[in-house]
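Engineer: File coords.cif below, mmCIF, C-alpha atoms:
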```cif
data_input
loop_
_atom_site.group_PDB
_atom_site.id
_atom_site.type_symbol
_atom_site.label_atom_id
_atom_site.label_comp_id
_atom_site.auth_asym_id
_atom_site.auth_seq_id
_atom_site.Cartn_x
_atom_site.Cartn_y
_atom_site.Cartn_z
ATOM 1 C CA MET A 1 72.224 -3.787 33.520
ATOM 2 C CA ILE A 2 68.729 -5.321 33.693
ATOM 3 C CA PRO A 3 69.342 -7.390 36.865
ATOM 4 C CA GLN A 4 70.835 -4.342 38.606
ATOM 5 C CA SER A 5 67.864 -2.111 37.804
ATOM 6 C CA GLU A 6 65.091 -1.593 40.343
ATOM 7 C CA GLY A 7 62.579 -2.293 37.616
ATOM 8 C CA ILE A 8 61.917 -2.452 33.896
ATOM 9 C CA LEU A 9 58.973 -0.742 32.241
ATOM 10 C CA LEU A 10 57.327 -2.674 29.409
ATOM 11 C CA LEU A 11 55.310 -0.201 27.346
ATOM 12 C CA LEU A 12 52.096 -0.828 25.417
ATOM 13 C CA GLY A 13 50.814 1.610 22.830
ATOM 14 C CA SER A 14 48.369 1.979 19.975
ATOM 15 C CA VAL A 15 48.231 3.031 16.351
ATOM 16 C CA GLU A 16 44.861 4.710 15.906
ATOM 17 C CA GLU A 17 43.241 7.871 14.664
ATOM 18 C CA HIS A 18 43.611 10.921 16.868
ATOM 19 C CA GLY A 19 41.393 13.353 15.024
ATOM 20 C CA TYR A 20 42.634 15.263 12.005
ATOM 21 C CA HIS A 21 45.421 17.036 13.915
ATOM 22 C CA LEU A 22 47.420 14.417 15.845
ATOM 23 C CA PRO A 23 49.536 11.521 14.526
ATOM 24 C CA LEU A 24 48.411 7.891 14.570
ATOM 25 C CA GLY A 25 51.236 7.048 16.968
ATOM 26 C CA THR A 26 50.318 9.629 19.600
ATOM 27 C CA ASP A 27 49.937 7.023 22.359
ATOM 28 C CA VAL A 28 53.315 5.476 21.507
ATOM 29 C CA LEU A 29 55.069 8.840 21.630
ATOM 30 C CA LEU A 30 53.485 9.810 24.940
ATOM 31 C CA ALA A 31 54.197 6.403 26.479
ATOM 32 C CA HIS A 32 57.885 6.912 25.750
ATOM 33 C CA ASP A 33 57.809 10.460 27.145
ATOM 34 C CA PHE A 34 56.279 9.366 30.445
ATOM 35 C CA ALA A 35 58.517 6.295 30.690
ATOM 36 C CA GLU A 36 61.643 8.377 30.143
ATOM 37 C CA ALA A 37 60.619 10.857 32.832
ATOM 38 C CA VAL A 38 59.761 8.119 35.344
ATOM 39 C CA CYS A 39 62.870 6.024 34.690
ATOM 40 C CA GLU A 40 65.167 9.034 34.943
ATOM 41 C CA LYS A 41 63.766 9.837 38.391
ATOM 42 C CA GLU A 42 63.753 6.243 39.652
ATOM 43 C CA ASP A 43 66.966 4.929 38.027
ATOM 44 C CA MET A 44 65.063 2.382 35.958
ATOM 45 C CA TYR A 45 64.957 1.333 32.323
ATOM 46 C CA TYR A 46 62.190 0.965 29.779
ATOM 47 C CA TYR A 47 61.789 -1.051 26.604
ATOM 48 C CA PRO A 48 60.610 0.422 23.286
ATOM 49 C CA CYS A 49 56.832 0.529 23.159
ATOM 50 C CA ILE A 50 54.884 -2.364 21.668
ATOM 51 C CA PRO A 51 53.148 -0.171 19.072
ATOM 52 C CA TYR A 52 49.916 -1.944 18.180
ATOM 53 C CA GLY A 53 47.207 -2.238 20.806
ATOM 54 C CA GLN A 54 43.543 -2.919 21.462
ATOM 55 C CA THR A 55 41.719 -0.177 19.557
ATOM 56 C CA TRP A 56 38.173 -1.496 19.168
ATOM 57 C CA SER A 57 36.510 1.850 19.917
ATOM 58 C CA ALA A 58 38.413 3.562 17.091
ATOM 59 C CA ARG A 59 37.707 0.864 14.513
ATOM 60 C CA GLY A 60 36.501 2.159 11.179
ATOM 61 C CA PHE A 61 38.647 5.287 11.210
ATOM 62 C CA GLU A 62 41.339 5.498 8.566
ATOM 63 C CA GLY A 63 44.763 4.423 9.820
ATOM 64 C CA THR A 64 43.601 2.561 12.918
ATOM 65 C CA ILE A 65 45.147 -0.866 13.458
ATOM 66 C CA GLY A 66 43.603 -3.083 16.127
ATOM 67 C CA ILE A 67 45.015 -6.204 17.756
ATOM 68 C CA SER A 68 42.702 -8.645 19.528
ATOM 69 C CA LYS A 69 43.018 -8.981 23.286
ATOM 70 C CA PRO A 70 44.156 -12.646 23.183
ATOM 71 C CA ALA A 71 46.846 -11.927 20.579
ATOM 72 C CA LEU A 72 48.094 -8.820 22.365
ATOM 73 C CA CYS A 73 48.041 -10.554 25.739
ATOM 74 C CA ALA A 74 50.076 -13.498 24.421
ATOM 75 C CA TYR A 75 52.588 -11.180 22.750
ATOM 76 C CA CYS A 76 53.097 -9.065 25.874
ATOM 77 C CA MET A 77 53.363 -12.117 28.109
ATOM 78 C CA GLU A 78 56.193 -13.504 26.005
ATOM 79 C CA ALA A 79 57.978 -10.148 26.196
ATOM 80 C CA ALA A 80 57.548 -10.091 29.977
ATOM 81 C CA GLU A 81 58.785 -13.681 30.245
ATOM 82 C CA ASN A 82 61.946 -12.653 28.414
ATOM 83 C CA LEU A 83 62.561 -9.835 30.885
ATOM 84 C CA ILE A 84 62.023 -12.164 33.839
ATOM 85 C CA SER A 85 64.471 -14.687 32.357
ATOM 86 C CA MET A 86 67.053 -11.888 32.109
ATOM 87 C CA GLY A 87 66.776 -11.330 35.849
ATOM 88 C CA ALA A 88 64.568 -8.250 35.985
ATOM 89 C CA LYS A 89 63.661 -7.558 39.626
ATOM 90 C CA LYS A 90 60.372 -5.916 38.765
ATOM 91 C CA VAL A 91 58.526 -5.987 35.433
ATOM 92 C CA ILE A 92 56.054 -3.114 35.236
ATOM 93 C CA LEU A 93 53.519 -2.696 32.428
ATOM 94 C CA PHE A 94 52.571 0.822 31.359
ATOM 95 C CA SER A 95 50.145 2.073 28.727
ATOM 96 C CA PHE A 96 49.022 5.636 28.144
ATOM 97 C CA HIS A 97 46.339 4.218 25.847
ATOM 98 C CA LYS A 98 43.328 3.262 27.964
ATOM 99 C CA GLY A 99 42.248 0.537 25.549
ATOM 100 C CA ASN A 100 45.109 -1.625 26.820
ATOM 101 C CA PHE A 101 44.145 -1.490 30.498
ATOM 102 C CA GLU A 102 42.062 -4.679 30.416
ATOM 103 C CA VAL A 103 44.902 -6.487 28.645
ATOM 104 C CA MET A 104 47.331 -5.369 31.343
ATOM 105 C CA ASN A 105 44.982 -6.663 34.034
ATOM 106 C CA ASP A 106 44.776 -10.025 32.271
ATOM 107 C CA ILE A 107 48.575 -10.269 32.008
ATOM 108 C CA VAL A 108 49.174 -9.419 35.653
ATOM 109 C CA ARG A 109 46.571 -11.989 36.723
ATOM 110 C CA ALA A 110 47.965 -14.672 34.415
ATOM 111 C CA PHE A 111 51.432 -14.291 35.903
ATOM 112 C CA LYS A 112 49.987 -14.359 39.418
ATOM 113 C CA GLU A 113 48.321 -17.682 38.664
ATOM 114 C CA ARG A 114 51.761 -18.976 37.683
ATOM 115 C CA GLY A 115 53.173 -17.827 41.004
ATOM 116 C CA THR A 116 54.996 -14.729 39.705
ATOM 117 C CA ASP A 117 54.185 -11.107 40.450
ATOM 118 C CA ILE A 118 54.501 -8.487 37.754
ATOM 119 C CA TYR A 119 52.961 -5.036 38.040
ATOM 120 C CA LYS A 120 51.117 -2.297 36.158
ATOM 121 C CA ILE A 121 50.891 1.470 36.360
ATOM 122 C CA GLN A 122 48.429 3.792 34.661
ATOM 123 C CA ILE A 123 47.116 7.323 34.971
ATOM 124 C CA LYS A 124 44.741 7.238 37.937
ATOM 125 C CA LYS A 125 44.113 10.096 40.346
ATOM 126 C CA GLY A 126 46.245 12.422 38.234
ATOM 127 C CA GLU A 127 43.512 12.450 35.613
ATOM 128 C CA GLY A 128 40.968 14.072 37.902
ATOM 129 C CA VAL A 129 43.460 16.735 38.979
ATOM 130 C CA ALA A 130 44.538 17.408 35.392
ATOM 131 C CA LYS A 131 40.966 18.099 34.267
ATOM 132 C CA LYS A 132 40.966 21.161 36.518
ATOM 133 C CA GLU A 133 43.735 22.638 34.372
ATOM 134 C CA LEU A 134 41.614 22.496 31.224
ATOM 135 C CA LYS A 135 39.636 25.388 29.795
ATOM 136 C CA THR A 136 36.962 23.148 28.242
ATOM 137 C CA PRO A 137 35.016 20.092 29.456
ATOM 138 C CA VAL A 138 36.023 16.478 28.970
ATOM 139 C CA TRP A 139 33.346 14.554 27.042
ATOM 140 C CA GLU A 140 31.124 12.687 29.509
ATOM 141 C CA ASP A 141 33.841 13.552 32.071
ATOM 142 C CA ARG A 142 35.906 10.539 30.968
ATOM 143 C CA ILE A 143 36.825 10.497 27.260
ATOM 144 C CA TRP A 144 39.623 12.957 26.446
ATOM 145 C CA HIS A 145 40.857 11.185 23.316
ATOM 146 C CA ALA A 146 42.558 13.765 21.048
ATOM 147 C CA GLY A 147 40.816 16.626 22.842
ATOM 148 C CA GLU A 148 42.249 19.579 24.758
ATOM 149 C CA LEU A 149 44.157 17.435 27.265
ATOM 150 C CA GLU A 150 45.934 15.093 24.856
ATOM 151 C CA THR A 151 46.532 17.831 22.306
ATOM 152 C CA SER A 152 48.080 20.039 25.004
ATOM 153 C CA LEU A 153 50.458 17.219 25.931
ATOM 154 C CA MET A 154 51.486 16.861 22.301
ATOM 155 C CA LEU A 155 51.975 20.616 21.909
ATOM 156 C CA TYR A 156 54.303 20.561 24.898
ATOM 157 C CA LEU A 157 56.222 17.433 23.945
ATOM 158 C CA HIS A 158 55.933 17.155 20.128
ATOM 159 C CA ARG A 159 54.743 20.491 18.793
ATOM 160 C CA ASP A 160 56.165 19.803 15.326
ATOM 161 C CA LEU A 161 53.767 16.860 14.890
ATOM 162 C CA VAL A 162 50.575 18.764 15.749
ATOM 163 C CA ARG A 163 48.479 20.399 13.024
ATOM 164 C CA MET A 164 46.432 22.849 15.040
ATOM 165 C CA GLU A 165 44.815 24.275 11.924
ATOM 166 C CA LYS A 166 42.961 20.947 11.636
ATOM 167 C CA ALA A 167 41.911 20.720 15.293
ATOM 168 C CA THR A 168 38.177 20.265 15.922
ATOM 169 C CA ALA A 169 35.610 20.758 18.683
ATOM 170 C CA GLU A 170 33.162 17.869 18.983
ATOM 171 C CA PHE A 171 30.862 17.202 21.906
ATOM 172 C CA PRO A 172 28.589 14.552 20.384
ATOM 173 C CA GLU A 173 25.359 13.429 21.944
ATOM 174 C CA LYS A 174 25.909 10.133 23.742
ATOM 175 C CA PRO A 175 24.182 7.274 21.905
ATOM 176 C CA GLU A 176 21.306 5.713 23.819
ATOM 177 C CA LYS A 177 23.009 2.294 23.748
ATOM 178 C CA TYR A 178 26.471 3.588 24.753
ATOM 179 C CA GLU A 179 26.428 2.290 28.327
ATOM 180 C CA VAL A 180 24.815 -1.075 27.608
ATOM 181 C CA ALA A 181 26.140 -2.171 24.216
ATOM 182 C CA ALA A 182 29.254 -2.060 22.041
ATOM 183 C CA VAL A 183 29.210 1.225 20.127
ATOM 184 C CA PRO A 184 32.258 2.193 18.038
ATOM 185 C CA TRP A 185 33.136 5.873 18.007
ATOM 186 C CA ARG A 186 32.759 6.020 14.241
ATOM 187 C CA ASP A 187 28.989 5.712 14.721
ATOM 188 C CA PHE A 188 28.656 9.096 16.399
ATOM 189 C CA VAL A 189 31.899 11.110 16.164
ATOM 190 C CA LYS A 190 32.935 12.612 12.822
ATOM 191 C CA SER A 191 36.589 13.495 13.487
ATOM 192 C CA GLY A 192 37.336 10.839 16.087
ATOM 193 C CA ALA A 193 38.427 13.536 18.547
ATOM 194 C CA PHE A 194 36.410 14.232 21.696
ATOM 195 C CA GLY A 195 36.091 17.712 23.159
ATOM 196 C CA ASP A 196 37.646 20.996 22.059
ATOM 197 C CA ALA A 197 41.166 20.362 20.782
ATOM 198 C CA ARG A 198 41.311 23.985 19.593
ATOM 199 C CA ALA A 199 41.643 25.131 23.209
ATOM 200 C CA ALA A 200 44.904 23.230 23.716
ATOM 201 C CA ASP A 201 48.205 24.942 24.501
ATOM 202 C CA ALA A 202 51.717 23.869 25.495
ATOM 203 C CA GLU A 203 51.560 25.516 28.929
ATOM 204 C CA THR A 204 48.580 23.349 29.870
ATOM 205 C CA GLY A 205 50.405 20.354 28.420
ATOM 206 C CA LYS A 206 53.378 21.000 30.703
ATOM 207 C CA LYS A 207 51.137 21.153 33.780
ATOM 208 C CA VAL A 208 49.282 17.964 32.808
ATOM 209 C CA PHE A 209 52.532 16.154 32.048
ATOM 210 C CA GLU A 210 53.954 17.004 35.465
ATOM 211 C CA LEU A 211 50.739 15.959 37.223
ATOM 212 C CA PHE A 212 50.654 12.630 35.390
ATOM 213 C CA CYS A 213 54.345 12.027 36.111
ATOM 214 C CA ARG A 214 53.772 12.548 39.826
ATOM 215 C CA ASP A 215 50.888 10.084 39.694
ATOM 216 C CA LEU A 216 53.017 7.435 37.944
ATOM 217 C CA LEU A 217 56.038 8.022 40.179
ATOM 218 C CA GLU A 218 53.920 7.472 43.270
ATOM 219 C CA GLN A 219 52.791 4.108 41.896
ATOM 220 C CA VAL A 220 56.350 3.109 40.964
ATOM 221 C CA LYS A 221 57.585 3.949 44.455
ATOM 222 C CA THR A 222 54.857 1.725 45.902
ATOM 223 C CA ILE A 223 55.896 -1.154 43.633
ATOM 224 C CA LYS A 224 59.581 -0.741 44.464
ATOM 225 C CA GLY A 225 58.723 -0.950 48.149
ATOM 226 C CA ILE A 226 56.928 -4.306 47.778
#
```
Could the structure of this file be written out as structure tokens, please?
Structural biologist:
Amino acid sequence: MIPQSEGILLLLGSVEEHGYHLPLGTDVLLAHDFAEAVCEKEDMYYYPCIPYGQTWSARGFEGTIGISKPALCAYCMEAAENLISMGAKKVILFSFHKGNFEVMNDIVRAFKERGTDIYKIQIKKGEGVAKKELKTPVWEDRIWHAGELETSLMLYLHRDLVRMEKATAEFPEKPEKYEVAAVPWRDFVKSGAFGDARAADAETGKKVFELFCRDLLEQVKTIKGI
């Protein structure tokens, strides 16, 4: 089955706080949702998500588990090596959690140095389009962690896991050192959620999900054509 597939998605996730209203495994759940949608369209397969990820920004919040980049990179590389040994035509890394993007870059580069190409997909241009569907701003136009966007996705895909009565609206002032030093979110965000999660709704989540799927499918089609 693996050798016959056009590609195998290897998913990376995270276990970290997502405000008071979303589960710790939000990024794992959403990674599976996007992978299922992509693989169904492209006749591919995906592996269960590697749950723990690089979560430095969310350190200090209750429930967050962080794995160092070297440890996570080594773990994922061994998983990818297994897939290659099984005859996978294309190994494609995917993480909905942005904290894993640098790790994915490192893995892809490490395999290239060995003479083997593996690939990565992530939400790119779909993010900018999706922001136009929101009723409230994205903090600093880039951090939508547990805010309206992510909460809307969860309301659409996993409504039973969302506690909207605990949703918050936080637009914290950006720390002076934020762009030039390491500043964990715990230093300036009370709930750990950025933006107005109270504005979320399932209809917006459906639109965002479809936009993100189109973005990912476009990248997969490019990889399959290489």
Engineer: Using only C-alpha atoms, find each residue of region 117-185 of chain A with at least one atom at most 9 Å away from an atom of region 24-44 of chain A; report its shortest atom-to-atom pair and that distance in Å (one decimal), sort the rows by chain and rising residue number, and return the result as CSV.
Structural biologist:
```
residue,atom,partner,partner_atom,distance
A:Ala146,CA,A:Thr26,CA,8.9
A:Glu150,CA,A:Thr26,CA,8.8
A:Leu153,CA,A:Leu30,CA,8.1
A:Met154,CA,A:Leu30,CA,7.8
A:Leu157,CA,A:Asp33,CA,7.8
A:His158,CA,A:Leu29,CA,8.5
```
Engineer: Could you work out how far CA of Ser57 (chain A) lies from CA of Gly99 (chain A), giving the answer in Å with one decimal?
Structural biologist: 8.1 Å
Engineer: Could you tell me which residues the PyMOL selection byres ((chain A and resi 5) around 12) grabs in this file, written as a ChimeraX atom specification?
Structural biologist: /A:1-4,6-9,39-40,42-46,83,86-91,224
Engineer: With the PyMOL selection byres ((chain A and resi 199) around 10) as the selection, what would be picked from this file? Answer as number ranges by chain, please.
Structural biologist: A: 134-136, 147-149, 151-152, 164, 167-169, 195-198, 200-201, 204
Engineer: Can you pull out every residue within 8 Å of region 113-123 of chain A, counting all atoms listed in the file, but drop anything in the same chain fewer than 2 positions away, and send it as a compact mmCIF listing (two decimals) with C-alpha atoms, keeping the file's coordinate frame?
Structural biologist:
```
# COMPACT_ATOMS: atom_id res chain seq x y z
CA LYS A 90 60.37 -5.92 38.76
CA VAL A 91 58.53 -5.99 35.43
CA ILE A 92 56.05 -3.11 35.24
CA LEU A 93 53.52 -2.70 32.43
CA PHE A 94 52.57 0.82 31.36
CA SER A 95 50.14 2.07 28.73
CA PHE A 96 49.02 5.64 28.14
CA PHE A 101 44.14 -1.49 30.50
CA MET A 104 47.33 -5.37 31.34
CA ASN A 105 44.98 -6.66 34.03
CA VAL A 108 49.17 -9.42 35.65
CA ARG A 109 46.57 -11.99 36.72
CA ALA A 110 47.96 -14.67 34.42
CA PHE A 111 51.43 -14.29 35.90
CA LYS A 125 44.11 10.10 40.35
CA GLY A 126 46.24 12.42 38.23
CA GLU A 127 43.51 12.45 35.61
CA PHE A 212 50.65 12.63 35.39
CA ASP A 215 50.89 10.08 39.69
CA LEU A 216 53.02 7.44 37.94
CA GLN A 219 52.79 4.11 41.90
CA VAL A 220 56.35 3.11 40.96
CA ILE A 223 55.90 -1.15 43.63
```
Engineer: Fewer than 2 positions away in the same chain doesn't count, so skip those; otherwise give me all residues within 7 Å of region 137-141 of chain A, counting all atoms listed in the file, as a PyMOL selection string.
Structural biologist: chain A and resi 143-144+171+194-195
Engineer: In Å, rounded to a single decimal, give me how far CA of Gly128 (chain A) is from CA of Leu11 (chain A).
Structural biologist: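 Between CA of Leu11 (chain A) and CA of Gly128 (chain A) the gap is 22.8 Å.
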Engineer: Please check which residues have atoms at most 10 Å from (44.7, 2.8, 20.6) in the file's coordinates, counting all atoms listed in the file, and write them as a ChimeraX atom specification.
Structural biologist: /A:12-18,24-28,51-59,64-67,95-100,145
Engineer: Would you compute the distance between CA of Val129 (chain A) and CA of Thr222 (chain A)? Give it in Å to one decimal.
Structural biologist: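 A separation of 20.1 Å between them.
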Engineer: In the coordinates of the file, take the point (59.2, -0.5, 24.7) and a cut-off of 6 Å; then, counting all atoms listed in the file, name each qualifying protein, DNA or RNA residue as a PyMOL selection string.
Structural biologist: chain A and resi 10-11+47-50
Engineer: Would you place a box with edges along x, y and z of the file around all atoms of region 42-57 of chain A listed there, add 6 Å to each of its six sides, and report the centre and edge lengths in Å to one decimal, as JSON?
Structural biologist:
```
{"center_x": 51.7, "center_y": 1.7, "center_z": 28.9, "size_x": 42.5, "size_y": 21.2, "size_z": 33.5}
```
Engineer: So which one's closest to Tyr20 (chain A), A:Lys206, A:Asp106, A:Glu173, A:Glu62? Using all atoms listed in the file, please.
Structural biologist: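 Selected residue with least distance to Tyr20 (chain A): A:Glu62.
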